[in-house]
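Coordinates from model-v3.pdb are shown below (PDB, C-alpha atoms).
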ATOM      1  CA  MET Z   1      12.080 -32.604 -15.809  1.00  0.00           C
ATOM      2  CA  ALA Z   2      11.369 -29.060 -16.892  1.00  0.00           C
ATOM      3  CA  THR Z   3      14.361 -26.992 -17.918  1.00  0.00           C
ATOM      4  CA  LEU Z   4      15.100 -23.318 -18.256  1.00  0.00           C
ATOM      5  CA  GLY Z   5      15.151 -23.696 -22.019  1.00  0.00           C
ATOM      6  CA  THR Z   6      11.434 -24.499 -22.093  1.00  0.00           C
ATOM      7  CA  LEU Z   7      10.533 -21.065 -20.748  1.00  0.00           C
ATOM      8  CA  PRO Z   8       9.459 -18.263 -23.072  1.00  0.00           C
ATOM      9  CA  ALA Z   9      11.848 -15.703 -24.433  1.00  0.00           C
ATOM     10  CA  PRO Z  10      12.192 -12.369 -22.666  1.00  0.00           C
ATOM     11  CA  GLY Z  11       9.230 -10.091 -23.252  1.00  0.00           C
ATOM     12  CA  ARG Z  12       6.548 -12.717 -22.571  1.00  0.00           C
ATOM     13  CA  THR Z  13       3.994 -11.972 -19.842  1.00  0.00           C
ATOM     14  CA  TRP Z  14       2.830 -14.652 -17.411  1.00  0.00           C
ATOM     15  CA  THR Z  15       0.190 -14.864 -14.712  1.00  0.00           C
ATOM     16  CA  LEU Z  16       0.430 -16.984 -11.566  1.00  0.00           C
ATOM     17  CA  SER Z  17      -1.907 -19.699 -10.330  1.00  0.00           C
ATOM     18  CA  ARG Z  18      -0.316 -19.672  -6.870  1.00  0.00           C
ATOM     19  CA  PRO Z  19       1.871 -17.260  -4.867  1.00  0.00           C
ATOM     20  CA  LEU Z  20       5.601 -17.260  -5.502  1.00  0.00           C
ATOM     21  CA  PRO Z  21       8.563 -15.836  -3.589  1.00  0.00           C
ATOM     22  CA  ALA Z  22      10.685 -13.339  -5.500  1.00  0.00           C
ATOM     23  CA  TYR Z  23      14.299 -12.506  -4.820  1.00  0.00           C
ATOM     24  CA  SER Z  24      16.561  -9.492  -4.976  1.00  0.00           C
ATOM     25  CA  ARG Z  25      19.396 -11.357  -6.753  1.00  0.00           C
ATOM     26  CA  SER Z  26      19.947 -14.063  -9.314  1.00  0.00           C
ATOM     27  CA  GLN Z  27      21.276 -16.367  -6.576  1.00  0.00           C
ATOM     28  CA  GLY Z  28      20.893 -16.797  -2.828  1.00  0.00           C
ATOM     29  CA  PRO Z  29      18.026 -16.309  -0.354  1.00  0.00           C
ATOM     30  CA  GLY Z  30      17.454 -12.496  -0.334  1.00  0.00           C
ATOM     31  CA  LEU Z  31      13.627 -12.406  -0.395  1.00  0.00           C
ATOM     32  CA  ALA Z  32      12.561  -9.161  -2.106  1.00  0.00           C
ATOM     33  CA  THR Z  33       8.793  -9.626  -2.234  1.00  0.00           C
ATOM     34  CA  GLU Z  34       6.043 -12.209  -2.444  1.00  0.00           C
ATOM     35  CA  ILE Z  35       3.903 -12.368  -5.582  1.00  0.00           C
ATOM     36  CA  GLN Z  36       0.217 -13.045  -5.041  1.00  0.00           C
ATOM     37  CA  ALA Z  37      -1.646 -15.531  -7.233  1.00  0.00           C
ATOM     38  CA  GLY Z  38      -3.335 -13.790 -10.151  1.00  0.00           C
ATOM     39  CA  ARG Z  39      -0.650 -11.158 -10.591  1.00  0.00           C
ATOM     40  CA  HIS Z  40       1.157 -10.720 -13.917  1.00  0.00           C
ATOM     41  CA  LEU Z  41       4.862 -10.475 -14.629  1.00  0.00           C
ATOM     42  CA  ARG Z  42       7.017  -9.908 -17.684  1.00  0.00           C
ATOM     43  CA  VAL Z  43      10.182 -11.939 -18.217  1.00  0.00           C
ATOM     44  CA  LEU Z  44      13.189  -9.673 -18.732  1.00  0.00           C
ATOM     45  CA  ASP Z  45      16.230 -11.944 -18.630  1.00  0.00           C
ATOM     46  CA  SER Z  46      17.601 -15.200 -17.223  1.00  0.00           C
ATOM     47  CA  ALA Z  47      20.581 -16.271 -15.137  1.00  0.00           C
ATOM     48  CA  GLU Z  48      21.303 -19.791 -13.920  1.00  0.00           C
ATOM     49  CA  THR Z  49      17.981 -21.138 -12.582  1.00  0.00           C
ATOM     50  CA  ARG Z  50      16.229 -17.809 -12.046  1.00  0.00           C
ATOM     51  CA  LEU Z  51      14.457 -15.351 -14.293  1.00  0.00           C
ATOM     52  CA  ARG Z  52      14.609 -11.611 -13.922  1.00  0.00           C
ATOM     53  CA  VAL Z  53      11.058 -10.310 -14.187  1.00  0.00           C
ATOM     54  CA  ARG Z  54       9.098  -7.099 -13.789  1.00  0.00           C
ATOM     55  CA  LEU Z  55       5.750  -7.198 -12.005  1.00  0.00           C
ATOM     56  CA  HIS Z  56       2.964  -5.719 -14.089  1.00  0.00           C
ATOM     57  CA  GLU Z  57       0.936  -3.985 -11.402  1.00  0.00           C
ATOM     58  CA  ASP Z  58       3.723  -1.963  -9.759  1.00  0.00           C
ATOM     59  CA  GLY Z  59       6.677  -2.157 -12.169  1.00  0.00           C
ATOM     60  CA  TYR Z  60       8.806  -3.905  -9.544  1.00  0.00           C
ATOM     61  CA  PRO Z  61      11.898  -5.804 -10.812  1.00  0.00           C
ATOM     62  CA  CYS Z  62      12.877  -9.034  -9.065  1.00  0.00           C
ATOM     63  CA  TRP Z  63      13.983 -12.623  -9.665  1.00  0.00           C
ATOM     64  CA  VAL Z  64      11.854 -15.788  -9.587  1.00  0.00           C
ATOM     65  CA  GLU Z  65      12.765 -19.447  -9.840  1.00  0.00           C
ATOM     66  CA  ALA Z  66      12.359 -20.513 -13.453  1.00  0.00           C
ATOM     67  CA  LEU Z  67      10.916 -23.936 -12.641  1.00  0.00           C
ATOM     68  CA  ALA Z  68       8.469 -22.439 -10.151  1.00  0.00           C
ATOM     69  CA  LEU Z  69       7.167 -20.044 -12.792  1.00  0.00           C
ATOM     70  CA  GLU Z  70       6.789 -22.854 -15.296  1.00  0.00           C
ATOM     71  CA  SER Z  71       4.980 -25.013 -12.739  1.00  0.00           C
ATOM     72  CA  HIS Z  72       2.654 -22.362 -11.322  1.00  0.00           C
ATOM     73  CA  GLY Z  73       2.167 -19.865 -14.115  1.00  0.00           C
ATOM     74  CA  HIS Z  74       0.968 -19.655 -17.683  1.00  0.00           C
ATOM     75  CA  PRO Z  75       1.403 -17.110 -20.477  1.00  0.00           C
ATOM     76  CA  ALA Z  76      -1.288 -14.430 -20.449  1.00  0.00           C
ATOM     77  CA  PRO Z  77      -1.549 -10.861 -21.713  1.00  0.00           C
ATOM     78  CA  PRO Z  78      -1.420  -8.225 -18.987  1.00  0.00           C
ATOM     79  CA  PRO Z  79      -4.782  -6.680 -18.140  1.00  0.00           C
ATOM     80  CA  PRO Z  80      -5.329  -2.913 -18.156  1.00  0.00           C
ATOM     81  CA  LEU Z  81      -4.769  -1.359 -14.750  1.00  0.00           C
ATOM     82  CA  PRO Z  82      -7.509   0.766 -13.166  1.00  0.00           C
ATOM     83  CA  ARG Z  83      -6.721   4.481 -13.135  1.00  0.00           C
ATOM     84  CA  LEU Z  84      -8.106   5.867  -9.906  1.00  0.00           C
ATOM     85  CA  ASP Z  85      -8.151   9.541  -8.999  1.00  0.00           C
ATOM     86  CA  ARG Z  86      -8.125  10.947  -5.470  1.00  0.00           C
ATOM     87  CA  ALA Z  87     -11.912  10.947  -5.092  1.00  0.00           C
ATOM     88  CA  ARG Z  88     -12.166   7.239  -5.856  1.00  0.00           C
ATOM     89  CA  ILE Z  89      -9.176   6.460  -3.673  1.00  0.00           C
ATOM     90  CA  ALA Z  90     -10.664   8.391  -0.749  1.00  0.00           C
ATOM     91  CA  ALA Z  91     -13.852   6.319  -1.079  1.00  0.00           C
ATOM     92  CA  ARG Z  92     -11.797   3.132  -0.595  1.00  0.00           C
ATOM     93  CA  LEU Z  93      -9.635   4.213   2.347  1.00  0.00           C
ATOM     94  CA  GLU Z  94     -12.026   2.716   4.882  1.00  0.00           C
ATOM     95  CA  ALA Z  95     -11.328  -0.694   3.343  1.00  0.00           C
ATOM     96  CA  VAL Z  96      -7.571   0.003   3.399  1.00  0.00           C
ATOM     97  CA  LEU Z  97      -7.639   0.856   7.101  1.00  0.00           C
ATOM     98  CA  ALA Z  98      -9.896  -2.098   7.923  1.00  0.00           C
ATOM     99  CA  PHE Z  99      -7.512  -4.524   6.221  1.00  0.00           C
ATOM    100  CA  ALA Z 100      -4.519  -3.155   8.138  1.00  0.00           C
ATOM    101  CA  GLU Z 101      -6.350  -3.337  11.442  1.00  0.00           C
ATOM    102  CA  ALA Z 102      -7.435  -6.926  10.771  1.00  0.00           C
ATOM    103  CA  ALA Z 103      -3.839  -7.829   9.895  1.00  0.00           C
ATOM    104  CA  ARG Z 104      -2.690  -6.386  13.227  1.00  0.00           C
ATOM    105  CA  HIS Z 105      -4.991  -8.741  15.113  1.00  0.00           C
ATOM    106  CA  GLN Z 106      -3.623 -11.863  13.426  1.00  0.00           C
ATOM    107  CA  PRO Z 107      -0.531 -13.525  14.922  1.00  0.00           C
ATOM    108  CA  ASN Z 108       2.319 -12.082  12.888  1.00  0.00           C
ATOM    109  CA  ARG Z 109       6.007 -11.266  12.819  1.00  0.00           C
ATOM    110  CA  TYR Z 110       8.040  -8.871  10.738  1.00  0.00           C
ATOM    111  CA  LEU Z 111       9.230 -10.489   7.488  1.00  0.00           C
ATOM    112  CA  TRP Z 112      11.592  -8.672   5.147  1.00  0.00           C
ATOM    113  CA  GLY Z 113       9.948  -8.980   1.727  1.00  0.00           C
ATOM    114  CA  GLY Z 114       6.611 -10.072   3.169  1.00  0.00           C
ATOM    115  CA  THR Z 115       3.486  -9.039   1.268  1.00  0.00           C
ATOM    116  CA  LEU Z 116       1.162 -12.047   1.548  1.00  0.00           C
ATOM    117  CA  GLY Z 117       0.616 -12.027   5.295  1.00  0.00           C
ATOM    118  CA  PRO Z 118       0.241 -12.691   8.060  1.00  0.00           C
ATOM    119  CA  ASP Z 119       3.937 -11.679   8.148  1.00  0.00           C
ATOM    120  CA  PHE Z 120       4.683  -8.378   6.399  1.00  0.00           C
ATOM    121  CA  ASP Z 121       7.449  -5.868   6.071  1.00  0.00           C
ATOM    122  CA  CYS Z 122       6.532  -2.194   6.394  1.00  0.00           C
ATOM    123  CA  SER Z 123       5.979  -1.354   2.735  1.00  0.00           C
ATOM    124  CA  GLY Z 124       4.529  -4.787   1.994  1.00  0.00           C
ATOM    125  CA  LEU Z 125       1.771  -4.185   4.529  1.00  0.00           C
ATOM    126  CA  VAL Z 126       1.017  -0.750   3.083  1.00  0.00           C
ATOM    127  CA  GLN Z 127       1.056  -1.946  -0.517  1.00  0.00           C
ATOM    128  CA  THR Z 128      -1.163  -4.953   0.225  1.00  0.00           C
ATOM    129  CA  ALA Z 129      -3.641  -2.924   2.290  1.00  0.00           C
ATOM    130  CA  PHE Z 130      -4.143  -0.597  -0.679  1.00  0.00           C
ATOM    131  CA  ALA Z 131      -3.995  -3.354  -3.319  1.00  0.00           C
ATOM    132  CA  GLN Z 132      -6.804  -5.375  -1.757  1.00  0.00           C
ATOM    133  CA  ALA Z 133      -8.944  -2.241  -2.180  1.00  0.00           C
ATOM    134  CA  GLY Z 134      -7.957  -2.047  -5.855  1.00  0.00           C
ATOM    135  CA  ILE Z 135      -5.335   0.691  -5.409  1.00  0.00           C
ATOM    136  CA  TRP Z 136      -1.823  -0.099  -6.612  1.00  0.00           C
ATOM    137  CA  LEU Z 137       1.193   1.596  -5.014  1.00  0.00           C
ATOM    138  CA  PRO Z 138       4.909   1.058  -5.627  1.00  0.00           C
ATOM    139  CA  ARG Z 139       6.509  -1.759  -3.647  1.00  0.00           C
ATOM    140  CA  ASP Z 140       9.232  -0.143  -1.504  1.00  0.00           C
ATOM    141  CA  ALA Z 141       8.974   2.574   1.137  1.00  0.00           C
ATOM    142  CA  TYR Z 142      11.258   5.042  -0.653  1.00  0.00           C
ATOM    143  CA  LEU Z 143       9.257   4.585  -3.874  1.00  0.00           C
ATOM    144  CA  GLN Z 144       5.991   5.060  -2.021  1.00  0.00           C
ATOM    145  CA  GLU Z 145       7.398   8.309  -0.620  1.00  0.00           C
ATOM    146  CA  ARG Z 146       8.167   9.578  -4.127  1.00  0.00           C
ATOM    147  CA  PHE Z 147       4.765   8.464  -5.382  1.00  0.00           C
ATOM    148  CA  CYS Z 148       2.712  10.405  -2.823  1.00  0.00           C
ATOM    149  CA  ARG Z 149       1.932  14.100  -2.684  1.00  0.00           C
ATOM    150  CA  PRO Z 150       3.798  15.575   0.310  1.00  0.00           C
ATOM    151  CA  VAL Z 151       1.840  16.606   3.393  1.00  0.00           C
ATOM    152  CA  ALA Z 152       3.432  18.770   6.092  1.00  0.00           C
ATOM    153  CA  VAL Z 153       4.007  16.936   9.380  1.00  0.00           C
ATOM    154  CA  ALA Z 154       6.272  17.108  12.411  1.00  0.00           C
ATOM    155  CA  SER Z 155       6.383  15.572  15.854  1.00  0.00           C
ATOM    156  CA  GLY Z 156       3.235  16.803  17.559  1.00  0.00           C
ATOM    157  CA  VAL Z 157       2.096  18.711  14.437  1.00  0.00           C
ATOM    158  CA  THR Z 158      -0.347  16.452  12.618  1.00  0.00           C
ATOM    159  CA  SER Z 159      -3.367  18.655  11.839  1.00  0.00           C
ATOM    160  CA  LEU Z 160      -2.932  18.364   8.060  1.00  0.00           C
ATOM    161  CA  LEU Z 161      -2.834  14.554   8.071  1.00  0.00           C
ATOM    162  CA  LEU Z 162      -5.829  12.458   7.073  1.00  0.00           C
ATOM    163  CA  PRO Z 163      -6.523   8.802   7.853  1.00  0.00           C
ATOM    164  CA  GLY Z 164      -4.970   6.765   5.051  1.00  0.00           C
ATOM    165  CA  ASP Z 165      -2.027   9.116   4.535  1.00  0.00           C
ATOM    166  CA  LEU Z 166       1.425   7.573   4.711  1.00  0.00           C
ATOM    167  CA  LEU Z 167       4.195   8.495   7.151  1.00  0.00           C
ATOM    168  CA  PHE Z 168       7.815   8.116   6.092  1.00  0.00           C
ATOM    169  CA  PHE Z 169      10.847   7.518   8.295  1.00  0.00           C
ATOM    170  CA  GLY Z 170      14.570   7.030   7.779  1.00  0.00           C
ATOM    171  CA  THR Z 171      17.735   9.055   7.441  1.00  0.00           C
ATOM    172  CA  PRO Z 172      18.125  12.485   5.832  1.00  0.00           C
ATOM    173  CA  ARG Z 173      19.353  10.706   2.705  1.00  0.00           C
ATOM    174  CA  ARG Z 174      16.783   7.934   2.289  1.00  0.00           C
ATOM    175  CA  CYS Z 175      13.375   6.703   3.370  1.00  0.00           C
ATOM    176  CA  THR Z 176      13.658   3.292   5.035  1.00  0.00           C
ATOM    177  CA  HIS Z 177      10.265   2.819   6.734  1.00  0.00           C
ATOM    178  CA  VAL Z 178       6.608   3.585   6.046  1.00  0.00           C
ATOM    179  CA  ALA Z 179       3.477   3.571   8.181  1.00  0.00           C
ATOM    180  CA  LEU Z 180      -0.256   4.046   7.651  1.00  0.00           C
ATOM    181  CA  HIS Z 181      -1.734   7.060   9.422  1.00  0.00           C
ATOM    182  CA  LEU Z 182      -4.896   6.257  11.381  1.00  0.00           C
ATOM    183  CA  GLY Z 183      -5.782   9.741  12.587  1.00  0.00           C
ATOM    184  CA  GLY Z 184      -4.563  12.179  15.216  1.00  0.00           C
ATOM    185  CA  GLY Z 185      -0.923  11.277  14.668  1.00  0.00           C
ATOM    186  CA  ARG Z 186      -1.497   7.586  15.423  1.00  0.00           C
ATOM    187  CA  TYR Z 187      -0.031   5.194  12.870  1.00  0.00           C
ATOM    188  CA  LEU Z 188      -0.038   1.468  12.180  1.00  0.00           C
ATOM    189  CA  HIS Z 189       3.090  -0.207  10.847  1.00  0.00           C
ATOM    190  CA  SER Z 190       5.027  -3.453  10.637  1.00  0.00           C
ATOM    191  CA  SER Z 191       8.399  -2.934  12.292  1.00  0.00           C
ATOM    192  CA  GLY Z 192      11.386  -5.200  12.877  1.00  0.00           C
ATOM    193  CA  ARG Z 193      13.034  -6.480  16.030  1.00  0.00           C
ATOM    194  CA  GLN Z 194      15.906  -4.038  16.461  1.00  0.00           C
ATOM    195  CA  HIS Z 195      13.901  -0.839  16.961  1.00  0.00           C
ATOM    196  CA  GLY Z 196      10.325  -2.007  16.558  1.00  0.00           C
ATOM    197  CA  ARG Z 197       7.760  -4.580  17.642  1.00  0.00           C
ATOM    198  CA  ASP Z 198       8.697  -7.521  15.404  1.00  0.00           C
ATOM    199  CA  GLY Z 199       5.332  -7.274  13.721  1.00  0.00           C
ATOM    200  CA  ILE Z 200       2.356  -4.981  13.310  1.00  0.00           C
ATOM    201  CA  GLY Z 201       1.621  -2.417  16.004  1.00  0.00           C
ATOM    202  CA  ILE Z 202       0.348   1.105  16.604  1.00  0.00           C
ATOM    203  CA  ASP Z 203       2.461   4.082  17.658  1.00  0.00           C
ATOM    204  CA  ASP Z 204       2.013   7.847  17.530  1.00  0.00           C
ATOM    205  CA  LEU Z 205       3.840  11.112  16.917  1.00  0.00           C
ATOM    206  CA  ASN Z 206       2.944  12.700  20.251  1.00  0.00           C
ATOM    207  CA  PRO Z 207       6.195  14.104  21.712  1.00  0.00           C
ATOM    208  CA  ARG Z 208       5.016  13.133  25.206  1.00  0.00           C
ATOM    209  CA  ASN Z 209       4.913   9.457  24.252  1.00  0.00           C
ATOM    210  CA  ARG Z 210       8.075   7.971  25.811  1.00  0.00           C
ATOM    211  CA  ASP Z 211       7.619   4.451  24.484  1.00  0.00           C
ATOM    212  CA  PRO Z 212      11.015   3.467  23.003  1.00  0.00           C
ATOM    213  CA  VAL Z 213       9.536   2.362  19.670  1.00  0.00           C
ATOM    214  CA  ALA Z 214       7.552   5.578  19.279  1.00  0.00           C
ATOM    215  CA  CYS Z 215      10.622   7.623  20.286  1.00  0.00           C
ATOM    216  CA  HIS Z 216      12.819   5.863  17.737  1.00  0.00           C
ATOM    217  CA  TYR Z 217      10.514   6.439  14.808  1.00  0.00           C
ATOM    218  CA  ARG Z 218       9.606   9.956  15.893  1.00  0.00           C
ATOM    219  CA  ALA Z 219      13.304  10.829  15.742  1.00  0.00           C
ATOM    220  CA  GLU Z 220      13.486   9.396  12.209  1.00  0.00           C
ATOM    221  CA  LEU Z 221      10.353  11.069  10.830  1.00  0.00           C
ATOM    222  CA  ARG Z 222      11.022  12.358   7.301  1.00  0.00           C
ATOM    223  CA  GLY Z 223       7.563  13.459   6.250  1.00  0.00           C
ATOM    224  CA  ALA Z 224       4.158  12.320   5.101  1.00  0.00           C
ATOM    225  CA  GLY Z 225       2.344  11.793   1.819  1.00  0.00           C
ATOM    226  CA  ARG Z 226      -1.128  11.416   0.370  1.00  0.00           C
ATOM    227  CA  VAL Z 227      -2.044   8.865  -2.292  1.00  0.00           C
ATOM    228  CA  MET Z 228      -3.533  10.934  -5.105  1.00  0.00           C
ATOM    229  CA  HIS Z 229      -3.767   8.311  -7.853  1.00  0.00           C
ATOM    230  CA  SER Z 230      -3.170   4.626  -8.443  1.00  0.00           C
ATOM    231  CA  HIS Z 231       0.095   3.364  -9.883  1.00  0.00           C
ATOM    232  CA  ASP Z 232       0.029   2.596 -13.609  1.00  0.00           C
ATOM    233  CA  GLY Z 233       2.695  -0.109 -13.390  1.00  0.00           C
ATOM    234  CA  SER Z 234       5.434   1.931 -15.032  1.00  0.00           C
ATOM    235  CA  PRO Z 235       8.955   1.376 -13.660  1.00  0.00           C
ATOM    236  CA  LEU Z 236      10.095   4.005 -11.194  1.00  0.00           C
ATOM    237  CA  PRO Z 237      13.721   5.178 -10.978  1.00  0.00           C
ATOM    238  CA  PRO Z 238      15.782   3.481  -8.236  1.00  0.00           C
TER     239      PRO Z 238
END
Can I see the file as structure tokens?
Amino acid sequence: MATLGTLPAPGRTWTLSRPLPAYSRSQGPGLATEIQAGRHLRVLDSAETRLRVRLHEDGYPCWVEALALESHGHPAPPPPLPRLDRARIAARLEAVLAFAEAARHQPNRYLWGGTLGPDFDCSGLVQTAFAQAGIWLPRDAYLQERFCRPVAVASGVTSLLLPGDLLFFGTPRRCTHVALHLGGGRYLHSSGRQHGRDGIGIDDLNPRNRDPVACHYRAELRGAGRVMHSHDGSPLPP
């Protein structure tokens, strides 16, 4: 049977032949994200039966099962990441929006850590919608907020927003939710059970909309952002 000792030393980069779950801790369930086949990761450290790794494309740190990596990955140098400016990103936004809309029409539920589909979390849906168009964003909602250029927005005031912009929600201290703006203040997002739709749905920022989900997120609106460039994979501060 394979053992942890057969794995490469920290610093080695691997690529995956099949998707793997990744965790937020060295032990326990705690799904943090799902890693698509073909992605690259660098081994940072080990603990018990898991390896702490950093994903190449978005700089995201997480833990993977050591035996799963050995079974479904192989050492490979990381490829260069495309550097896209705003003009090239804007040309791909139609594909981003089309992916998100197609995901909405599949049977789905909200999954914390979900990025592979059909079950997504909020930032996983946004990241994957952009990634399938060749645009890498950070993994989590609060990191996506920092990554974007701010765009002014308020409830009922959406004239500066463009389709493909991101909307950010949460508390005054921290962004906890992200959505994809469709146009006219309408947004598509994957929301949970407590205040959302337990899956992907469409809401809007119109103050006359009394739907309880729309009201909840409208009250938690923090701002909006525009993706101006693709992520270079460098780690972002927590």
What is the distance between CA of Gly196 (chain Z) and CA of Cys215 (chain Z), in Å to one decimal? 10.3 Å
Taking all atoms of region 71-83 of chain Z that appear in the file, build a box with edges along x, y and z, extend it by 5 Å on every side, and state its centre and edge lengths in Å to one decimal, as JSON.
{"center_x": -1.3, "center_y": -10.3, "center_z": -16.5, "size_x": 22.5, "size_y": 39.5, "size_z": 20.4}
All residues 8 Å or closer to Leu188 (chain Z), all atoms listed in the file, same chain fewer than 2 positions away omitted, as an MDAnalysis selection string: chainID Z and resid 100:101 179:182 186 190 200:203
Spatial neighbours of Gly113 (chain Z), max dist 6 Å, only C-alpha atoms, sep filter under 4 positions, as a PyMOL selection string: chain Z and resi 31-33+121
Answer key for the PyMOL selection byres ((chain Z and resi 12-29) around 10), residues as a ChimeraX atom specification: /Z:7-11,30-44,46-56,61-65,68-78,113-116
Just so the selection is clear, what residues does the PyMOL selection byres ((chain Z and resi 151) around 6) cover here, as a list of chain:residue names? Z:Pro150, Z:Ala152, Z:Ala224, Z:Gly225
For the file shown, report as a PDB file with C-alpha atoms, in the frame of the given file the outcome of the PyMOL selection byres ((chain Z and resi 199) around 10) at residue level.
ATOM      1  CA  ALA Z 103      -3.839  -7.829   9.895  1.00  0.00           C
ATOM      2  CA  ARG Z 104      -2.690  -6.386  13.227  1.00  0.00           C
ATOM      3  CA  PRO Z 107      -0.531 -13.525  14.922  1.00  0.00           C
ATOM      4  CA  ASN Z 108       2.319 -12.082  12.888  1.00  0.00           C
ATOM      5  CA  ARG Z 109       6.007 -11.266  12.819  1.00  0.00           C
ATOM      6  CA  TYR Z 110       8.040  -8.871  10.738  1.00  0.00           C
ATOM      7  CA  LEU Z 111       9.230 -10.489   7.488  1.00  0.00           C
ATOM      8  CA  PRO Z 118       0.241 -12.691   8.060  1.00  0.00           C
ATOM      9  CA  ASP Z 119       3.937 -11.679   8.148  1.00  0.00           C
ATOM     10  CA  PHE Z 120       4.683  -8.378   6.399  1.00  0.00           C
ATOM     11  CA  ASP Z 121       7.449  -5.868   6.071  1.00  0.00           C
ATOM     12  CA  CYS Z 122       6.532  -2.194   6.394  1.00  0.00           C
ATOM     13  CA  HIS Z 189       3.090  -0.207  10.847  1.00  0.00           C
ATOM     14  CA  SER Z 190       5.027  -3.453  10.637  1.00  0.00           C
ATOM     15  CA  SER Z 191       8.399  -2.934  12.292  1.00  0.00           C
ATOM     16  CA  GLY Z 192      11.386  -5.200  12.877  1.00  0.00           C
ATOM     17  CA  ARG Z 193      13.034  -6.480  16.030  1.00  0.00           C
ATOM     18  CA  GLY Z 196      10.325  -2.007  16.558  1.00  0.00           C
ATOM     19  CA  ARG Z 197       7.760  -4.580  17.642  1.00  0.00           C
ATOM     20  CA  ASP Z 198       8.697  -7.521  15.404  1.00  0.00           C
ATOM     21  CA  ILE Z 200       2.356  -4.981  13.310  1.00  0.00           C
ATOM     22  CA  GLY Z 201       1.621  -2.417  16.004  1.00  0.00           C
TER      23      GLY Z 201
END
Residues within 7 Å of Ile135 (chain Z), all atoms listed in the file, excluding chain neighbours under 4 positions, as a list in words: Phe130, Ala131 and Ser230 of chain Z
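With CA of Pro80 (chain Z) on one side and CA of Glu57 (chain Z) on the other, the separation reads 9.3 Å.
Residues lying within 10 Å of Ala87 (chain Z), counting all atoms listed in the file and ignoring same-chain neighbours fewer than 4 positions away, are Ala91, Arg92, Met228 and His229 of chain Z.
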